[in-house]
$ cat final27.cif   # mmCIF, C-alpha atoms
data_query
#
loop_
_atom_site.label_atom_id
_atom_site.label_comp_id
_atom_site.auth_asym_id
_atom_site.auth_seq_id
_atom_site.Cartn_x
_atom_site.Cartn_y
_atom_site.Cartn_z
CA LYS A 23 89.79 99.66 95.21
CA THR A 24 90.45 97.77 92.01
CA ASN A 25 92.41 94.52 92.05
CA THR A 26 95.41 96.39 90.70
CA GLU A 27 95.21 99.08 93.36
CA SER A 28 94.99 96.48 96.11
CA THR A 29 98.48 95.27 95.17
CA VAL A 30 100.17 98.66 95.59
CA TYR A 31 98.11 100.60 98.14
CA PHE A 32 97.42 99.09 101.53
CA VAL A 33 95.44 100.39 104.49
CA ASN A 34 97.28 99.89 107.77
CA ASP A 35 94.91 101.27 110.39
CA GLY A 36 95.86 98.82 113.11
CA LYS A 37 92.84 96.67 112.35
CA ASN A 38 93.47 95.44 108.83
CA VAL A 39 95.95 92.66 109.58
CA LYS A 40 95.56 91.14 106.10
CA ASP A 41 96.62 94.33 104.31
CA THR A 42 99.63 94.71 106.60
CA ALA A 43 100.74 91.13 105.88
CA LYS A 44 100.19 91.57 102.12
CA TYR A 45 102.28 94.75 102.13
CA GLU A 46 105.20 92.94 103.75
CA ARG A 47 104.86 90.03 101.32
CA VAL A 48 105.07 92.40 98.34
CA TRP A 49 108.31 93.84 99.75
CA GLU A 50 109.75 90.36 100.31
CA LYS A 51 108.72 89.23 96.83
CA LEU A 52 110.18 92.24 94.98
CA THR A 53 113.42 92.20 96.97
CA ARG A 54 113.64 88.39 96.63
CA ASN A 55 113.97 88.12 100.41
CA GLU A 56 117.44 89.64 100.20
CA THR A 57 118.72 91.60 103.16
CA ALA A 58 118.03 95.26 102.52
CA LYS A 59 120.54 97.77 103.88
CA GLY A 60 120.54 101.48 104.46
CA ILE A 61 122.51 103.49 101.92
CA LYS A 62 123.35 107.13 101.31
CA LEU A 63 122.80 108.91 98.03
CA ARG A 64 125.30 111.68 97.38
CA VAL A 65 123.92 114.27 95.00
CA GLN A 66 125.25 117.76 94.33
CA GLY A 67 127.07 117.87 97.64
CA ARG A 68 124.12 116.60 99.71
CA GLU A 69 123.52 113.26 101.37
CA ILE A 70 120.13 111.59 101.34
CA ASN A 71 119.58 108.72 103.76
CA VAL A 72 117.78 105.69 102.33
CA PRO A 73 116.74 103.46 105.28
CA LYS A 74 116.36 100.32 103.17
CA ALA A 75 117.46 99.53 99.62
CA ALA A 76 117.40 96.16 97.89
CA ALA A 77 120.88 94.77 97.37
CA ASN A 78 120.62 94.05 93.65
CA ASP A 79 117.73 96.14 92.40
CA ASP A 80 116.67 99.79 92.54
CA ILE A 81 113.94 99.32 95.13
CA ALA A 82 113.87 101.49 98.26
CA ARG A 83 111.77 101.68 101.39
CA PHE A 84 111.08 104.80 103.44
CA SER A 85 108.64 105.81 106.12
CA PHE A 86 106.42 108.83 105.55
CA ASP A 87 108.41 110.66 108.22
CA ASP A 88 111.70 109.88 106.43
CA LEU A 89 110.40 111.63 103.32
CA CYS A 90 107.99 114.30 104.52
CA GLY A 91 108.75 114.84 108.19
CA LYS A 92 112.23 116.17 107.43
CA PRO A 93 113.37 119.26 105.50
CA LEU A 94 113.76 117.62 102.09
CA GLY A 95 113.19 119.60 98.90
CA PRO A 96 112.44 119.08 95.20
CA ALA A 97 116.08 118.27 94.36
CA ASP A 98 116.13 115.52 97.00
CA TYR A 99 112.89 114.02 95.73
CA TYR A 100 114.13 114.21 92.15
CA ALA A 101 117.30 112.34 93.18
CA ILE A 102 115.22 109.60 94.83
CA ALA A 103 112.89 109.36 91.82
CA SER A 104 115.85 109.22 89.43
CA THR A 105 117.51 106.48 91.45
CA PHE A 106 114.76 104.00 92.27
CA HIS A 107 112.16 102.50 89.96
CA THR A 108 110.09 101.29 92.92
CA VAL A 109 109.57 103.12 96.22
CA PHE A 110 107.76 101.76 99.29
CA ILE A 111 106.31 104.39 101.65
CA ASP A 112 105.31 103.16 105.11
CA ASN A 113 102.81 104.71 107.51
CA ILE A 114 101.32 107.55 105.49
CA PRO A 115 98.99 109.34 107.92
CA GLN A 116 95.80 111.19 107.16
CA LEU A 117 96.98 114.72 106.41
CA SER A 118 95.40 118.01 107.35
CA LEU A 119 95.97 121.71 106.81
CA THR A 120 97.32 121.99 110.34
CA LYS A 121 100.47 120.27 109.04
CA LEU A 122 101.08 122.20 105.84
CA ASN A 123 104.79 121.44 105.56
CA GLN A 124 104.17 117.70 105.53
CA MET A 125 101.39 118.11 102.99
CA ARG A 126 103.49 120.30 100.70
CA ARG A 127 106.40 117.88 100.83
CA PHE A 128 104.11 114.96 100.07
CA ILE A 129 102.68 116.80 97.06
CA THR A 130 106.19 117.55 95.77
CA LEU A 131 107.31 113.98 96.43
CA ILE A 132 104.45 112.44 94.46
CA ASP A 133 104.93 114.94 91.62
CA ASN A 134 108.56 113.84 91.24
CA LEU A 135 107.80 110.14 91.54
CA TYR A 136 105.01 110.47 89.00
CA ASP A 137 107.12 112.45 86.51
CA GLN A 138 109.86 109.81 86.66
CA LYS A 139 107.33 106.96 86.36
CA VAL A 140 108.32 105.42 89.69
CA VAL A 141 106.11 102.65 91.08
CA VAL A 142 104.84 103.67 94.52
CA ILE A 143 103.75 100.96 96.94
CA ALA A 144 102.19 102.54 100.00
CA SER A 145 100.91 101.67 103.43
CA ALA A 146 98.54 104.32 104.78
CA ALA A 147 96.25 104.94 107.72
CA VAL A 148 93.21 105.57 105.51
CA GLU A 149 91.89 104.90 102.03
CA MET A 150 93.52 106.93 99.26
CA ASP A 151 90.59 109.30 98.75
CA ASP A 152 90.57 110.10 102.48
CA LEU A 153 94.25 111.08 102.74
CA ILE A 154 93.36 114.73 103.38
CA ASP A 155 91.11 115.59 106.31
CA VAL A 156 89.53 119.00 105.72
CA GLY A 157 87.09 118.46 108.56
CA GLY A 158 89.76 118.52 111.22
CA VAL A 159 90.24 122.27 111.11
CA ASP A 160 88.45 124.06 113.96
CA GLU A 161 87.29 127.67 113.79
CA ASP A 162 90.39 129.12 115.44
CA SER A 163 92.71 127.15 113.16
CA ALA A 164 90.65 128.05 110.13
CA ALA A 165 90.82 131.72 111.01
CA SER A 166 94.59 131.59 111.39
CA LEU A 167 94.88 129.71 108.11
CA GLY A 168 92.59 132.14 106.30
CA ILE A 169 90.13 129.44 105.21
CA GLN A 170 86.88 127.76 106.19
CA GLU A 171 85.94 124.14 105.90
CA THR A 172 83.04 124.99 103.58
CA ASP A 173 85.46 126.83 101.31
CA LEU A 174 87.67 123.76 101.01
CA LEU A 175 84.74 121.57 100.13
CA GLY A 176 83.61 124.03 97.47
CA THR A 177 80.18 124.48 99.04
CA ALA A 178 80.50 128.18 99.82
CA GLU A 179 78.74 130.67 97.57
CA TYR A 180 81.84 132.85 97.27
CA VAL A 181 85.33 132.19 96.00
CA PRO A 182 87.75 131.51 98.89
CA SER A 183 91.06 133.31 99.24
CA GLN A 184 94.09 131.64 97.71
CA THR A 185 95.81 131.29 101.10
CA ASN A 186 96.33 127.56 101.65
CA VAL A 187 93.43 126.69 99.35
CA ASP A 188 96.06 126.09 96.66
CA GLU A 189 97.32 123.15 98.71
CA VAL A 190 93.89 121.57 98.67
CA PHE A 191 93.62 121.81 94.89
CA ALA A 192 97.21 120.56 94.57
CA PHE A 193 96.39 117.66 96.85
CA ASP A 194 93.41 116.77 94.68
CA ARG A 195 95.91 116.47 91.81
CA THR A 196 98.12 114.32 94.03
CA ILE A 197 95.24 111.93 94.76
CA SER A 198 94.43 111.79 91.05
CA ARG A 199 98.05 110.96 90.28
CA LEU A 200 98.17 108.29 92.97
CA HIS A 201 95.15 106.64 91.36
CA GLU A 202 96.78 106.81 87.94
CA MET A 203 99.99 105.34 89.35
CA GLN A 204 98.05 102.19 90.26
CA LYS A 205 96.95 101.46 86.69
CA PRO A 206 98.56 98.58 84.76
CA GLU A 207 99.75 100.85 81.94
CA TYR A 208 101.60 103.04 84.45
CA LEU A 209 103.10 100.07 86.28
CA GLU A 210 104.50 98.81 82.96
CA HIS A 211 106.93 101.76 82.92
CA VAL A 212 109.11 100.01 85.48
CA LYS A 213 110.04 97.40 82.86
CA VAL A 214 111.17 100.16 80.50
CA ARG A 215 113.31 101.81 83.18
CA LYS A 216 114.94 98.54 84.12
CA SER A 217 115.69 97.69 80.50
CA GLN A 218 117.39 101.07 79.97
CA THR A 219 119.74 100.75 82.93
CA LYS A 220 122.75 98.46 83.16
CA GLY A 221 123.07 97.50 86.81
CA THR A 222 121.85 100.02 89.37
CA SER A 223 120.70 103.54 88.57
CA PRO A 224 123.33 106.25 87.87
CA VAL A 225 122.90 108.16 91.14
CA ARG A 226 123.13 104.98 93.19
CA PHE A 227 126.06 103.73 91.15
CA PHE A 228 128.14 106.86 91.67
CA SER A 229 127.06 107.23 95.31
CA GLN A 230 128.36 103.76 96.12
CA MET A 231 131.70 103.97 94.36
CA ASP A 232 134.74 103.53 96.59
CA SER A 233 135.68 107.13 95.87
CA SER A 234 132.18 108.49 96.57
CA GLN A 235 133.28 110.02 99.86
CA ILE A 236 135.72 112.30 98.10
CA GLU A 237 134.96 115.97 98.61
CA SER A 238 135.07 116.96 94.96
CA VAL A 239 134.09 115.36 91.67
CA HIS A 240 137.43 116.68 90.39
CA SER A 241 139.35 114.34 92.71
CA SER A 242 141.07 111.31 91.21
CA LEU A 243 139.19 108.04 91.03
CA SER A 244 140.65 104.88 92.48
CA GLU A 245 141.69 102.03 90.19
CA ALA A 246 138.73 100.01 91.45
CA ASP A 247 136.29 102.80 90.62
CA ILE A 248 137.77 103.32 87.17
CA LYS A 249 137.29 99.62 86.47
CA LYS A 250 133.66 99.82 87.65
CA LEU A 251 133.13 102.84 85.43
CA TRP A 252 134.63 101.08 82.42
CA ASP A 253 132.60 97.91 82.95
CA ARG A 254 129.38 99.91 83.22
CA TYR A 255 129.82 101.90 80.01
CA ASP A 256 131.68 99.50 77.72
CA THR A 257 128.28 97.94 77.14
CA ASN A 258 129.24 95.81 74.14
CA ASN A 259 132.50 94.63 75.75
CA ASP A 260 134.62 95.48 72.71
CA GLY A 261 137.42 97.07 74.72
CA GLN A 262 136.55 100.60 73.57
CA ILE A 263 134.14 103.37 74.56
CA ASP A 264 132.29 104.46 71.44
CA SER A 265 130.41 107.74 70.92
CA ASN A 266 127.06 106.46 72.17
CA GLU A 267 128.61 104.87 75.25
CA LEU A 268 130.50 108.09 75.98
CA LYS A 269 127.34 110.18 75.64
CA THR A 270 125.44 107.90 78.02
CA MET A 271 128.29 108.06 80.54
CA LEU A 272 128.46 111.88 80.44
CA GLN A 273 124.68 112.16 80.77
CA GLU A 274 124.71 109.96 83.85
CA ILE A 275 127.68 111.77 85.39
CA THR A 276 125.87 115.07 84.80
CA LEU A 277 122.72 113.68 86.43
CA TYR A 278 124.79 112.76 89.48
CA THR A 279 126.74 116.01 89.70
CA SER A 280 124.13 118.53 88.49
CA GLY A 281 120.71 116.92 88.70
CA HIS A 282 119.98 116.83 84.96
CA LYS A 283 121.12 114.94 81.85
CA HIS A 284 121.83 117.79 79.46
CA VAL A 285 125.35 117.58 78.03
CA PRO A 286 126.20 120.36 75.51
CA LYS A 287 127.69 119.18 72.24
CA GLU A 288 130.89 121.14 72.89
CA VAL A 289 131.35 119.39 76.23
CA LEU A 290 130.81 115.99 74.63
CA GLU A 291 133.33 116.82 71.90
CA ALA A 292 135.94 118.25 74.30
CA THR A 293 135.69 115.23 76.60
CA ARG A 294 135.94 112.84 73.67
CA ASN A 295 139.10 114.57 72.41
CA ALA A 296 140.60 114.51 75.91
CA LEU A 297 139.93 110.77 76.18
CA TYR A 298 141.32 109.78 72.79
CA THR A 299 144.57 107.84 72.71
CA THR A 300 147.62 109.79 71.55
CA ASP A 301 148.01 107.67 68.41
CA GLY A 302 144.44 107.63 67.16
CA LYS A 303 140.77 108.50 67.72
CA VAL A 304 140.06 105.59 70.03
CA ILE A 305 139.08 105.50 73.70
CA ASP A 306 140.72 102.42 75.18
CA PHE A 307 141.04 101.44 78.82
CA GLN A 308 144.49 102.98 79.21
CA SER A 309 143.46 106.45 77.98
CA PHE A 310 140.21 106.12 79.94
CA SER A 311 142.12 105.28 83.12
CA GLU A 312 144.59 108.12 82.66
CA TYR A 313 141.80 110.64 82.20
CA PHE A 314 139.76 109.66 85.27
CA THR A 315 142.86 109.30 87.43
CA LYS A 316 143.71 112.89 86.59
CA PHE A 317 140.33 114.61 86.39
CA GLY A 318 137.82 112.52 88.34
CA ILE A 319 134.17 112.42 87.29
CA THR A 320 133.99 115.81 85.67
CA CYS A 321 133.41 117.01 82.12
CA ARG A 322 136.48 118.74 80.79
CA TYR A 323 135.62 121.96 78.92
#

$ encode --input "final27.cif" --output "structure tokens"
Amino acid sequence: KTNTESTVYFVNDGKNVKDTAKYERVWEKLTRNETAKGIKLRVQGREINVPKAAANDDIARFSFDDLCGKPLGPADYYAIASTFHTVFIDNIPQLSLTKLNQMRRFITLIDNLYDQKVVVIASAAVEMDDLIDVGGVDEDSAASLGIQETDLLGTAEYVPSQTNVDEVFAFDRTISRLHEMQKPEYLEHVKVRKSQTKGTSPVRFFSQMDSSQIESVHSSLSEADIKKLWDRYDTNNDGQIDSNELKTMLQEITLYTSGHKHVPKEVLEATRNALYTTDGKVIDFQSFSEYFTKFGITCRY
């Protein structure tokens, strides 16, 4: 491993006490020794449990089983990747084709974390290049899986069937991405993400609002939540929400409610008109409060 890799990927095989201690020190350093608590992300009607999240920064900690041992899908991984700029993953085991669901979820997880430029700090049972064990498939298992070990290693003289071999090629891409995610130029992306976000990430912000347990985004917001919303998006503190601030707010609301940031121009215009004061084209706190009390966090068409 390079010096950079040694700071974000740690082997915890029960023997390497130093790596285990280093891993914990990195967590303590990045979270500033603050008490981390479990939170729930609420996205598109679903709840995602986050076992540990730093109190004042978008850093989360999961076990491998939390992320890949449960029936999570691409939308869940995208929500996690959109919420946290740094994700710790504990106890990644050596994977094999006898546990395809775990492998597929891990591939999808890393794809989402990579696409969103999330820093991954991992503790695993083996070195990164050994995360898949193709030698652990016996003849009976191989027959049921439609593969042979020699096929997976690419040493056979014929082209193997596509059944499950796709996962091996996909996992090779995953390992390649994990290596890339250790490089200094990739790790620099976290600074960009942090500079673009005021406070916590949008999904976390909306999930933790006092009104986040409401059943519908159309439900009224509480006065406390409206004040939080105003403080987040009146970024220049001029007592008004300008066009750029409104666009950012609608993009982040849409990310929370729909899993993307695309806001059609007509929706932006309609919401702006609905928020304007009655006596002029200004969005002040009173008109802002009246709108969100009535409509909740929804775009008004």

$ resolve_selection --input "final27.cif" --expression "the PyMOL selection byres ((chain A and resi 116-133) around 7)" --output "NGL selection string"
:A and (90-91 or 96 or 99 or 114-115 or 134-137 or 147-148 or 153-156 or 158 or 193 or 196)

$ atom_distance --input "final27.cif" --atom1 "CA of Ile143 (chain A)" --atom2 "CA of Glu50 (chain A)"
12.6 Å

$ residues_around --input "final27.cif" --residues "Ser280 (chain A)" --least-positions-apart "4" --cutoff "12 Å" --atoms "all atoms listed in the file" --output "count of residues only"
20

$ residues_near_point --input "final27.cif" --point "(138.9, 110.2, 85.4)" --cutoff "12 Å" --atoms "all atoms listed in the file" --output "number ranges by chain"
A: 233, 239-252, 271-272, 275, 293, 296-297, 307-322

$ atom_distance --input "final27.cif" --atom1 "CA of Lys51 (chain A)" --atom2 "CA of Pro224 (chain A)"
24.2 Å

$ closest_residue --input "final27.cif" --among "A:Leu63, A:Gln138, A:Ala146, A:Glu202" --to "Gly36 (chain A)" --atoms "all atoms listed in the file"
A:Ala146

$ resolve_selection --input "final27.cif" --expression "the PyMOL selection byres ((chain A and resi 73) around 6)" --output "number ranges by chain"
A: 60, 72, 74

$ atom_distance --input "final27.cif" --atom1 "CA of Phe84 (chain A)" --atom2 "CA of Ala144 (chain A)"
9.8 Å

$ closest_residue --input "final27.cif" --among "A:Val190, A:Lys287, A:Glu149, A:Ala75" --to "Ser265 (chain A)" --atoms "all atoms listed in the file"
A:Lys287

$ residues_around --input "final27.cif" --residues "region 108-112 of chain A" --least-positions-apart "5" --cutoff "10 Å" --atoms "all atoms listed in the file" --output "VMD selection string"
chain A and resid 30 to 32 34 45 48 to 49 52 74 to 75 79 to 89 102 to 103 135 139 to 147 209 212

$ write_last_selection --input "final27.cif" --atoms "C-alpha atoms" --output "PDB file, in the coordinates of the input"
ATOM      1  CA  VAL A  30     100.170  98.660  95.590  1.00  0.00           C
ATOM      2  CA  TYR A  31      98.110 100.600  98.140  1.00  0.00           C
ATOM      3  CA  PHE A  32      97.420  99.090 101.530  1.00  0.00           C
ATOM      4  CA  ASN A  34      97.280  99.890 107.770  1.00  0.00           C
ATOM      5  CA  TYR A  45     102.280  94.750 102.130  1.00  0.00           C
ATOM      6  CA  VAL A  48     105.070  92.400  98.340  1.00  0.00           C
ATOM      7  CA  TRP A  49     108.310  93.840  99.750  1.00  0.00           C
ATOM      8  CA  LEU A  52     110.180  92.240  94.980  1.00  0.00           C
ATOM      9  CA  LYS A  74     116.360 100.320 103.170  1.00  0.00           C
ATOM     10  CA  ALA A  75     117.460  99.530  99.620  1.00  0.00           C
ATOM     11  CA  ASP A  79     117.730  96.140  92.400  1.00  0.00           C
ATOM     12  CA  ASP A  80     116.670  99.790  92.540  1.00  0.00           C
ATOM     13  CA  ILE A  81     113.940  99.320  95.130  1.00  0.00           C
ATOM     14  CA  ALA A  82     113.870 101.490  98.260  1.00  0.00           C
ATOM     15  CA  ARG A  83     111.770 101.680 101.390  1.00  0.00           C
ATOM     16  CA  PHE A  84     111.080 104.800 103.440  1.00  0.00           C
ATOM     17  CA  SER A  85     108.640 105.810 106.120  1.00  0.00           C
ATOM     18  CA  PHE A  86     106.420 108.830 105.550  1.00  0.00           C
ATOM     19  CA  ASP A  87     108.410 110.660 108.220  1.00  0.00           C
ATOM     20  CA  ASP A  88     111.700 109.880 106.430  1.00  0.00           C
ATOM     21  CA  LEU A  89     110.400 111.630 103.320  1.00  0.00           C
ATOM     22  CA  ILE A 102     115.220 109.600  94.830  1.00  0.00           C
ATOM     23  CA  ALA A 103     112.890 109.360  91.820  1.00  0.00           C
ATOM     24  CA  LEU A 135     107.800 110.140  91.540  1.00  0.00           C
ATOM     25  CA  LYS A 139     107.330 106.960  86.360  1.00  0.00           C
ATOM     26  CA  VAL A 140     108.320 105.420  89.690  1.00  0.00           C
ATOM     27  CA  VAL A 141     106.110 102.650  91.080  1.00  0.00           C
ATOM     28  CA  VAL A 142     104.840 103.670  94.520  1.00  0.00           C
ATOM     29  CA  ILE A 143     103.750 100.960  96.940  1.00  0.00           C
ATOM     30  CA  ALA A 144     102.190 102.540 100.000  1.00  0.00           C
ATOM     31  CA  SER A 145     100.910 101.670 103.430  1.00  0.00           C
ATOM     32  CA  ALA A 146      98.540 104.320 104.780  1.00  0.00           C
ATOM     33  CA  ALA A 147      96.250 104.940 107.720  1.00  0.00           C
ATOM     34  CA  LEU A 209     103.100 100.070  86.280  1.00  0.00           C
ATOM     35  CA  VAL A 212     109.110 100.010  85.480  1.00  0.00           C
TER      36      VAL A 212
END
